[in-house]
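**Q** Just one file: start-v4.cif, with mmCIF, C-alpha atoms.
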data_run
#
loop_
_atom_site.label_atom_id
_atom_site.label_comp_id
_atom_site.auth_asym_id
_atom_site.auth_seq_id
_atom_site.Cartn_x
_atom_site.Cartn_y
_atom_site.Cartn_z
CA MET A 1153 136.01 95.66 109.26
CA ARG A 1154 132.99 95.12 107.02
CA PRO A 1155 133.18 92.39 104.36
CA ARG A 1156 133.39 93.85 100.84
CA ASN A 1157 131.57 91.02 99.07
CA MET A 1158 127.89 91.81 98.56
CA ASN A 1159 126.61 88.27 98.19
CA LYS A 1160 123.02 87.29 97.50
CA ASP A 1161 122.16 86.88 101.19
CA TRP A 1162 122.93 90.52 101.99
CA LYS A 1163 121.01 91.72 98.96
CA ALA A 1164 118.03 89.57 99.95
CA THR A 1165 118.14 91.06 103.45
CA ALA A 1166 118.09 94.59 102.06
CA ARG A 1167 115.21 93.72 99.73
CA THR A 1168 113.25 92.21 102.61
CA LEU A 1169 113.70 95.35 104.69
CA SER A 1170 112.59 97.51 101.76
CA GLU A 1171 109.49 95.39 101.15
CA ALA A 1172 108.60 95.63 104.85
CA LEU A 1173 108.32 99.44 104.73
CA PRO A 1174 104.55 99.68 104.06
CA TYR A 1175 103.86 97.24 106.90
CA LEU A 1176 106.19 99.11 109.27
CA GLN A 1177 104.25 102.27 108.43
CA ARG A 1178 100.92 100.43 108.77
CA TYR A 1179 101.64 99.23 112.32
CA SER A 1180 103.42 102.29 113.68
CA GLY A 1181 101.54 103.19 116.87
CA ALA A 1182 99.35 100.07 116.70
CA ILE A 1183 98.61 97.92 119.76
CA VAL A 1184 99.41 94.24 119.27
CA VAL A 1185 98.63 91.73 122.05
CA VAL A 1186 100.69 88.54 121.85
CA LYS A 1187 99.75 85.39 123.78
CA PHE A 1188 103.03 83.54 124.35
CA GLY A 1189 102.96 79.87 125.25
CA GLY A 1190 103.65 76.40 124.00
CA ASN A 1191 107.00 74.69 123.68
CA ALA A 1192 108.89 77.94 123.07
CA MET A 1193 108.52 78.87 126.74
CA GLY A 1194 110.72 75.98 127.82
CA ASP A 1195 113.45 76.49 125.23
CA ALA A 1196 116.11 79.13 125.96
CA GLU A 1197 116.92 79.90 122.31
CA ALA A 1198 113.24 80.06 121.32
CA MET A 1199 112.58 82.39 124.26
CA ALA A 1200 115.47 84.65 123.22
CA GLN A 1201 114.24 84.76 119.62
CA PHE A 1202 110.70 85.61 120.74
CA ALA A 1203 112.06 88.37 122.99
CA ARG A 1204 114.14 89.75 120.11
CA ASP A 1205 111.04 89.91 117.90
CA ILE A 1206 109.07 91.74 120.61
CA VAL A 1207 111.90 94.25 121.09
CA LEU A 1208 112.06 94.85 117.33
CA MET A 1209 108.29 95.42 117.25
CA ARG A 1210 108.64 98.07 119.94
CA GLN A 1211 111.66 99.61 118.18
CA VAL A 1212 109.65 100.23 114.98
CA GLY A 1213 106.74 101.87 116.81
CA VAL A 1214 104.42 98.98 117.66
CA ASN A 1215 102.99 98.82 121.20
CA PRO A 1216 103.22 95.11 122.10
CA VAL A 1217 101.65 93.50 125.16
CA VAL A 1218 102.86 90.00 126.04
CA VAL A 1219 100.39 87.74 127.88
CA HIS A 1220 101.77 84.36 128.85
CA GLY A 1221 100.70 80.98 130.17
CA GLY A 1222 102.77 78.45 132.06
CA GLY A 1223 100.85 75.19 132.44
CA PRO A 1224 103.86 72.82 132.32
CA MET A 1225 105.71 74.84 134.97
CA ILE A 1226 102.62 74.84 137.20
CA ASN A 1227 102.26 71.07 136.83
CA GLU A 1228 105.93 70.60 137.70
CA MET A 1229 105.65 72.70 140.85
CA LEU A 1230 102.44 70.99 141.98
CA ALA A 1231 104.21 67.64 141.64
CA LYS A 1232 107.20 68.88 143.65
CA LEU A 1233 104.88 70.06 146.42
CA ASN A 1234 102.83 66.83 146.33
CA ILE A 1235 99.63 68.74 145.64
CA GLU A 1236 97.27 66.33 143.94
CA SER A 1237 95.04 67.66 141.18
CA ARG A 1238 91.34 66.84 140.89
CA PHE A 1239 89.47 67.05 137.60
CA VAL A 1240 85.84 67.71 136.71
CA ARG A 1241 84.80 66.94 133.11
CA GLY A 1242 88.45 66.86 132.14
CA LYS A 1243 89.23 70.29 133.63
CA ARG A 1244 91.49 70.85 136.62
CA VAL A 1245 89.84 72.06 139.81
CA THR A 1246 91.79 75.06 141.13
CA ASP A 1247 91.42 74.96 144.88
CA GLN A 1248 93.05 77.38 147.34
CA ALA A 1249 96.34 75.48 147.52
CA THR A 1250 96.53 75.18 143.73
CA VAL A 1251 95.78 78.84 143.03
CA GLU A 1252 98.56 79.86 145.42
CA VAL A 1253 101.00 77.75 143.42
CA VAL A 1254 99.62 79.16 140.15
CA GLU A 1255 100.18 82.71 141.36
CA MET A 1256 103.68 81.92 142.59
CA VAL A 1257 104.77 80.24 139.35
CA LEU A 1258 103.10 82.59 136.84
CA THR A 1259 103.81 85.96 138.47
CA GLY A 1260 107.19 84.95 139.83
CA LEU A 1261 109.10 82.36 137.84
CA VAL A 1262 107.54 82.54 134.36
CA ASN A 1263 106.78 86.27 134.21
CA LYS A 1264 110.24 87.32 135.30
CA ARG A 1265 111.95 84.94 132.85
CA ILE A 1266 110.14 86.65 129.98
CA VAL A 1267 110.88 90.12 131.34
CA GLN A 1268 114.56 89.24 131.66
CA ALA A 1269 114.66 87.79 128.14
CA ILE A 1270 113.28 91.06 126.73
CA MET A 1271 115.75 93.09 128.79
CA ASP A 1272 118.62 90.89 127.57
CA GLU A 1273 117.69 91.79 123.98
CA GLY A 1274 117.87 95.53 124.71
CA GLY A 1275 114.20 96.23 125.43
CA ARG A 1276 112.48 97.70 128.47
CA ALA A 1277 109.86 95.47 130.09
CA VAL A 1278 107.80 95.40 133.26
CA GLY A 1279 106.05 92.29 134.58
CA LEU A 1280 102.63 92.49 136.16
CA SER A 1281 99.54 90.38 136.67
CA GLY A 1282 95.84 91.01 136.38
CA LYS A 1283 95.90 92.00 140.05
CA ASP A 1284 98.09 95.05 139.46
CA ASP A 1285 96.06 98.26 139.35
CA ASP A 1286 92.96 96.00 139.10
CA LEU A 1287 93.91 95.32 135.49
CA MET A 1288 91.62 92.28 135.37
CA VAL A 1289 88.77 91.58 137.80
CA CYS A 1290 87.17 88.14 137.55
CA ALA A 1291 84.26 86.06 138.73
CA ALA A 1292 84.22 82.27 138.98
CA ASP A 1293 83.79 80.76 135.53
CA ASP A 1294 82.35 77.53 136.96
CA PRO A 1295 81.83 77.04 140.72
CA GLU A 1296 82.78 73.36 140.38
CA LEU A 1297 86.23 74.36 139.10
CA GLY A 1298 87.05 76.59 142.05
CA PHE A 1299 89.26 79.61 141.43
CA VAL A 1300 89.16 79.58 137.63
CA GLY A 1301 88.14 83.05 136.56
CA LYS A 1302 86.41 84.81 133.69
CA PRO A 1303 87.08 88.54 133.28
CA ILE A 1304 84.16 90.79 134.16
CA GLU A 1305 85.96 94.14 134.46
CA MET A 1306 89.08 95.45 132.71
CA ASN A 1307 91.15 98.49 133.71
CA VAL A 1308 93.87 98.90 131.07
CA GLN A 1309 95.12 102.43 131.79
CA VAL A 1310 98.24 100.98 133.41
CA LEU A 1311 99.13 99.37 130.06
CA ARG A 1312 98.64 102.67 128.21
CA ASP A 1313 100.88 104.38 130.78
CA LEU A 1314 103.60 101.79 130.10
CA PHE A 1315 103.25 102.31 126.32
CA ALA A 1316 103.76 106.05 126.83
CA ALA A 1317 106.95 105.35 128.78
CA GLY A 1318 108.31 103.06 126.06
CA ILE A 1319 107.93 99.96 128.25
CA ILE A 1320 106.67 96.54 127.13
CA PRO A 1321 104.07 95.08 129.54
CA VAL A 1322 104.36 91.36 130.30
CA VAL A 1323 101.15 90.11 131.91
CA ALA A 1324 100.62 86.95 133.95
CA PRO A 1325 97.01 85.65 133.75
CA VAL A 1326 96.26 85.86 137.45
CA ALA A 1327 93.45 88.14 138.55
CA THR A 1328 91.65 89.52 141.56
CA GLY A 1329 87.97 88.93 142.29
CA GLU A 1330 85.17 91.24 143.36
CA ASP A 1331 86.23 90.23 146.85
CA PRO A 1332 89.76 91.70 147.04
CA LEU A 1333 90.97 88.64 148.95
CA GLU A 1334 90.16 86.33 146.03
CA THR A 1335 92.72 85.18 143.49
CA PHE A 1336 91.72 83.63 140.16
CA ASN A 1337 93.66 81.62 137.61
CA VAL A 1338 92.65 82.71 134.10
CA ASN A 1339 93.21 80.80 130.88
CA GLY A 1340 96.04 82.55 129.03
CA ASP A 1341 94.14 82.85 125.74
CA THR A 1342 91.09 84.20 127.58
CA ALA A 1343 93.20 86.79 129.40
CA ALA A 1344 94.91 87.87 126.17
CA GLY A 1345 91.56 88.22 124.41
CA ALA A 1346 90.10 90.29 127.25
CA ILE A 1347 93.12 92.61 127.30
CA ALA A 1348 93.07 92.97 123.51
CA GLY A 1349 89.36 93.79 123.57
CA ALA A 1350 89.72 96.36 126.34
CA LEU A 1351 92.59 98.04 124.46
CA GLN A 1352 90.74 97.88 121.10
CA ALA A 1353 93.93 96.29 119.79
CA ASP A 1354 94.76 96.18 116.11
CA ARG A 1355 95.92 92.57 116.35
CA LEU A 1356 95.70 89.67 118.79
CA LEU A 1357 98.32 87.02 118.02
CA LEU A 1358 97.72 83.64 119.67
CA LEU A 1359 100.96 81.67 119.48
CA THR A 1360 100.45 77.94 119.58
CA ASP A 1361 102.09 74.64 118.58
CA VAL A 1362 99.99 74.00 115.46
CA ALA A 1363 100.14 75.51 111.98
CA GLY A 1364 96.72 77.18 112.23
CA VAL A 1365 93.03 76.44 111.67
CA LYS A 1366 92.59 73.60 109.18
CA ASP A 1367 89.68 72.89 106.84
CA ASP A 1368 88.03 69.49 106.40
CA SER A 1369 90.79 68.43 103.99
CA GLY A 1370 93.51 69.23 106.51
CA GLU A 1371 94.77 72.36 104.76
CA VAL A 1372 95.60 75.43 106.84
CA MET A 1373 93.17 78.28 106.15
CA THR A 1374 94.99 81.59 105.90
CA GLU A 1375 91.92 83.79 106.41
CA LEU A 1376 88.53 83.07 107.98
CA SER A 1377 85.41 84.95 108.99
CA PRO A 1378 83.39 84.38 112.17
CA ALA A 1379 80.83 82.54 110.01
CA ASP A 1380 83.58 80.18 108.82
CA ILE A 1381 84.59 79.49 112.43
CA ARG A 1382 81.01 78.68 113.46
CA ARG A 1383 80.50 76.41 110.45
CA LEU A 1384 83.72 74.48 111.04
CA THR A 1385 82.96 74.16 114.74
CA ASP A 1386 79.40 72.93 114.14
CA SER A 1387 80.69 70.33 111.67
CA GLY A 1388 83.37 69.11 114.10
CA VAL A 1389 86.32 70.18 111.96
CA ILE A 1390 87.40 72.64 114.65
CA ALA A 1391 87.71 70.50 117.77
CA GLY A 1392 89.74 69.91 120.91
CA GLY A 1393 92.18 72.63 121.97
CA MET A 1394 91.40 74.77 118.92
CA ILE A 1395 87.84 75.46 120.17
CA PRO A 1396 88.81 77.75 123.09
CA LYS A 1397 91.25 79.62 120.83
CA THR A 1398 88.62 80.30 118.18
CA GLU A 1399 86.05 81.21 120.88
CA THR A 1400 88.57 83.72 122.25
CA ALA A 1401 89.02 85.09 118.72
CA LEU A 1402 85.29 85.58 118.16
CA LYS A 1403 84.82 87.34 121.50
CA ALA A 1404 87.81 89.61 120.84
CA LEU A 1405 86.38 90.60 117.45
CA GLU A 1406 83.04 91.40 119.08
CA GLU A 1407 84.86 93.68 121.52
CA GLY A 1408 86.56 95.66 118.76
CA VAL A 1409 89.84 93.91 117.95
CA ARG A 1410 90.50 94.33 114.22
CA ALA A 1411 91.85 90.82 113.61
CA VAL A 1412 92.97 87.74 115.51
CA VAL A 1413 95.69 85.48 114.13
CA ILE A 1414 96.36 81.94 115.35
CA VAL A 1415 100.10 81.74 114.73
CA ASP A 1416 102.43 78.74 114.63
CA GLY A 1417 104.88 79.74 117.33
CA ARG A 1418 107.31 77.02 116.22
CA VAL A 1419 108.09 79.02 113.08
CA PRO A 1420 111.12 81.32 113.57
CA ASN A 1421 110.14 85.01 113.72
CA ALA A 1422 106.45 84.09 113.41
CA CYS A 1423 105.22 87.43 114.81
CA LEU A 1424 107.39 89.42 112.41
CA LEU A 1425 106.23 87.32 109.46
CA GLU A 1426 102.62 88.01 110.38
CA LEU A 1427 102.96 91.74 110.86
CA PHE A 1428 105.60 92.81 108.38
CA THR A 1429 105.24 90.58 105.31
CA GLU A 1430 102.56 90.17 102.66
CA HIS A 1431 102.50 86.42 103.22
CA GLY A 1432 101.57 86.58 106.90
CA SER A 1433 101.69 83.57 109.20
CA GLY A 1434 99.00 81.21 110.46
CA SER A 1435 95.23 81.73 110.27
CA MET A 1436 93.70 85.20 110.40
CA ILE A 1437 90.16 85.61 111.71
CA ARG A 1438 88.50 88.92 110.95
CA SER A 1439 85.04 90.42 110.62
CA GLU A 1440 83.08 90.03 107.39
CA SER A 1441 82.56 93.81 107.42
CA LEU A 1442 86.26 94.43 106.71
CA PRO A 1443 87.70 94.05 103.18
CA PRO A 1444 89.79 90.89 102.65
CA LEU A 1445 93.56 91.18 102.96
CA LYS A 1446 95.96 89.92 100.34
CA ARG A 1447 97.71 87.00 102.02
CA LYS A 1448 99.50 84.53 99.77
#
The structure in this file should be written as structure tokens.

**A**
Amino acid sequence: MRPRNMNKDWKATARTLSEALPYLQRYSGAIVVVKFGGNAMGDAEAMAQFARDIVLMRQVGVNPVVVHGGGPMINEMLAKLNIESRFVRGKRVTDQATVEVVEMVLTGLVNKRIVQAIMDEGGRAVGLSGKDDDLMVCAADDPELGFVGKPIEMNVQVLRDLFAAGIIPVVAPVATGEDPLETFNVNGDTAAGAIAGALQADRLLLLTDVAGVKDDSGEVMTELSPADIRRLTDSGVIAGGMIPKTETALKALEEGVRAVVIVDGRVPNACLLELFTEHGSGSMIRSESLPPLKRK
């Protein structure tokens, strides 16, 4: 039996739903690529909450694509198998033995956990990798690093077919090469950016374990242009692990993605906050040619 007391929490929930209407209308039919990674992948409750958000996005008419990483799980499996890693300029060399482990962990263990989490929340999901239907064809990014790939050809019709069937694609960043016997490990952010660009996505959301892009005073910047990114990178304010994320953002914008948002994945319902509220979440990077958005 329903409680009869309409307390402030219920009223606030109704008001929130009402205020979300223009954003629900705005994103109906839109393609949103979400790069899922960070600490949330290893936490069962965080995984379930992420899956619930993705299912809700699909329920209100958004076409989400989940692209995931899995570095900690790969490291754990390499240790179990006593496969020693070699590094060049701080980057792991992916030799034949390592890439086989990468493929096993990403397309098997990690991918299917995310698919199952989405299914458990009432959604329909299918797991695939860049190898399926030649979704992502790569060449070696740096010969010294072995089988680390950069996308050179994208074939995204399989994702559009899944959208049409009401299915959420979950993509592992493993790809084929021009030689069909090759397998490449692809950085998760890079793979997400390439997929978003090929789909001409409305949004690319890069979930991470930081609050967003910070200025030289340490404050999170809610909206930036490509010129801002270049200036902050040249001055050393953007550094370390944020550099590949912002490089992915700039390339995605060049390929036609409307906006890229670096989102704090530690915040509950971060994707929903970004898409369906005026406030947004994290740092949005968008072309100077587009009018600024109102983000408090």

**Q** Suppose a student applies the PyMOL selection byres ((chain A and resi 1198) around 12) to this structure; what residues should they get, written as an NGL selection string?

**A** :A and (1188-1197 or 1199-1205 or 1266 or 1269 or 1417-1422)

**Q** Which residues fall under the PyMOL selection byres ((chain A and resi 1374-1386) around 8) in this file, as a list of chain:residue names?

**A**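 Applied to this file, the PyMOL selection byres ((chain A and resi 1374-1386) around 8) returns A:Gly1364, A:Val1365, A:Asp1367, A:Val1372, A:Met1373, A:Ser1387, A:Gly1388, A:Val1389, A:Ile1390, A:Ala1391, A:Ile1395, A:Thr1398, A:Leu1402, A:Ser1433, A:Gly1434, A:Ser1435, A:Met1436, A:Ile1437, A:Arg1438, A:Ser1439, A:Glu1440, A:Arg1447.
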
**Q** What are the closest atom pairs, with distances in Å to one decimal, for each residue of segment 1297-1404 of chain A lying within 12 Å of segment 1177-1184 of chain A, using all atoms listed in the file, rows by chain and rising residue number, as a tab-separated table?

**A**
residue	atom	partner	partner_atom	distance
A:Leu1311	CA	A:Ile1183	CA	10.4
A:Arg1312	CA	A:Ile1183	CA	9.7
A:Phe1315	CA	A:Ile1183	CA	9.2
A:Ala1316	CA	A:Gly1181	CA	10.6
A:Gly1318	CA	A:Gly1181	CA	11.4
A:Ile1320	CA	A:Val1184	CA	10.9
A:Pro1321	CA	A:Val1184	CA	11.3
A:Ala1344	CA	A:Val1184	CA	10.4
A:Gly1345	CA	A:Val1184	CA	11.1
A:Ile1347	CA	A:Val1184	CA	10.3
A:Ala1348	CA	A:Val1184	CA	7.7
A:Gly1349	CA	A:Ile1183	CA	10.8
A:Ala1350	CA	A:Ile1183	CA	11.2
A:Leu1351	CA	A:Ile1183	CA	7.6
A:Gln1352	CA	A:Ile1183	CA	8.0
A:Ala1353	CA	A:Ile1183	CA	5.0
A:Asp1354	CA	A:Ile1183	CA	5.6
A:Arg1355	CA	A:Val1184	CA	4.8
A:Leu1356	CA	A:Val1184	CA	5.9
A:Leu1357	CA	A:Val1184	CA	7.4
A:Leu1358	CA	A:Val1184	CA	10.7

**Q** Store the residues picked out above in a file with C-alpha atoms, as a short mmCIF file (atom, residue, chain, number, x, y, z; two decimals), in the frame of the given file.

**A**
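Saved to out-v8.cif:
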data_model
loop_
_atom_site.label_atom_id
_atom_site.label_comp_id
_atom_site.auth_asym_id
_atom_site.auth_seq_id
_atom_site.Cartn_x
_atom_site.Cartn_y
_atom_site.Cartn_z
CA LEU A 1311 99.13 99.37 130.06
CA ARG A 1312 98.64 102.67 128.21
CA PHE A 1315 103.25 102.31 126.32
CA ALA A 1316 103.76 106.05 126.83
CA GLY A 1318 108.31 103.06 126.06
CA ILE A 1320 106.67 96.54 127.13
CA PRO A 1321 104.07 95.08 129.54
CA ALA A 1344 94.91 87.87 126.17
CA GLY A 1345 91.56 88.22 124.41
CA ILE A 1347 93.12 92.61 127.30
CA ALA A 1348 93.07 92.97 123.51
CA GLY A 1349 89.36 93.79 123.57
CA ALA A 1350 89.72 96.36 126.34
CA LEU A 1351 92.59 98.04 124.46
CA GLN A 1352 90.74 97.88 121.10
CA ALA A 1353 93.93 96.29 119.79
CA ASP A 1354 94.76 96.18 116.11
CA ARG A 1355 95.92 92.57 116.35
CA LEU A 1356 95.70 89.67 118.79
CA LEU A 1357 98.32 87.02 118.02
CA LEU A 1358 97.72 83.64 119.67
#

**Q** From the options A:Val1262, A:Val1409, A:Thr1250, A:Phe1239, which residue's atoms come nearest to Pro1224 of chain A, counting all atoms listed in the file?

**A**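 Once distances to Pro1224 of chain A are computed over all atoms listed in the file, the minimum belongs to A:Val1262.
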
**Q** If I take atom CA of Asp1313 of chain A and atom CA of Met1271 of chain A, how far is one from the other in Å, to one decimal?

**A**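 So the answer is 18.8 Å.
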
**Q** Can you spell out as a list in words the set of residues that the PyMOL selection byres ((chain A and resi 1341) around 7) selects in the structure I just provided?

**A**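 Evaluating the PyMOL selection byres ((chain A and resi 1341) around 7) on these coordinates yields Lys1187, Asn1339, Gly1340, Thr1342, Ala1343, Ala1344, Gly1345, Lys1397 and Thr1400 of chain A.
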
**Q** In Å, how far is it from atom CA of Leu1333 of chain A to atom CA of Glu1252 of chain A?

**A**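 Between atom CA of Leu1333 of chain A and atom CA of Glu1252 of chain A the gap works out to 12.1 Å.
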
**Q** Tell me, in Å to one decimal, how far atom CA of Arg1167 of chain A is from atom CA of Val1415 of chain A.

**A** 24.4 Å

**Q** Please determine, counting only C-alpha atoms, which residue among A:Leu1230, A:Leu1208, A:Leu1258, A:Val1338 has the shortest atom-to-atom distance to Leu1280 of chain A.

**A** A:Leu1258

**Q** Would you pick out the contacts of Val1257 of chain A at 9 Å or less, using all atoms listed in the file, so that residues sharing its chain but fewer than 3 positions from it are not included, and give the list as number ranges by chain?

**A** A: 1222, 1225-1226, 1229, 1252-1254, 1260-1263

**Q** Between A:Gly1213, A:Gly1282, A:Gly1432, A:Gly1393, which residue has the minimum interatomic distance to Ala1327 of chain A, considering all atoms listed in the file?

**A**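 Checking each candidate against Ala1327 of chain A, we get A:Gly1282 as the closest.
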
**Q** If you count only C-alpha atoms, which residues fall within 12 Å of Leu1176 of chain A, apart from same-chain ones fewer than 6 positions away, as a short mmCIF file (atom, residue, chain, number, x, y, z; two decimals) with C-alpha atoms, in the coordinates of the input?

**A**
data_model
loop_
_atom_site.label_atom_id
_atom_site.label_comp_id
_atom_site.auth_asym_id
_atom_site.auth_seq_id
_atom_site.Cartn_x
_atom_site.Cartn_y
_atom_site.Cartn_z
CA THR A 1168 113.25 92.21 102.61
CA LEU A 1169 113.70 95.35 104.69
CA SER A 1170 112.59 97.51 101.76
CA ALA A 1182 99.35 100.07 116.70
CA LEU A 1208 112.06 94.85 117.33
CA MET A 1209 108.29 95.42 117.25
CA ARG A 1210 108.64 98.07 119.94
CA GLN A 1211 111.66 99.61 118.18
CA VAL A 1212 109.65 100.23 114.98
CA GLY A 1213 106.74 101.87 116.81
CA VAL A 1214 104.42 98.98 117.66
CA LEU A 1424 107.39 89.42 112.41
CA LEU A 1425 106.23 87.32 109.46
CA GLU A 1426 102.62 88.01 110.38
CA LEU A 1427 102.96 91.74 110.86
CA PHE A 1428 105.60 92.81 108.38
CA THR A 1429 105.24 90.58 105.31
CA GLU A 1430 102.56 90.17 102.66
#

**Q** Just the residues within 8 Å of Ala1346 of chain A, please, counting only C-alpha atoms, with nothing from its chain fewer than 5 positions along; format it as a list in words.

**A** Pro1303, Met1306 and Ala1404 of chain A

**Q** Find the residues around Lys1283 of chain A up to 12 Å (only C-alpha atoms counted), leave out those fewer than 2 positions away in its own chain, and share them as number ranges by chain.

**A** A: 1255, 1259, 1279-1281, 1285-1290, 1303, 1305-1308, 1310, 1323-1338
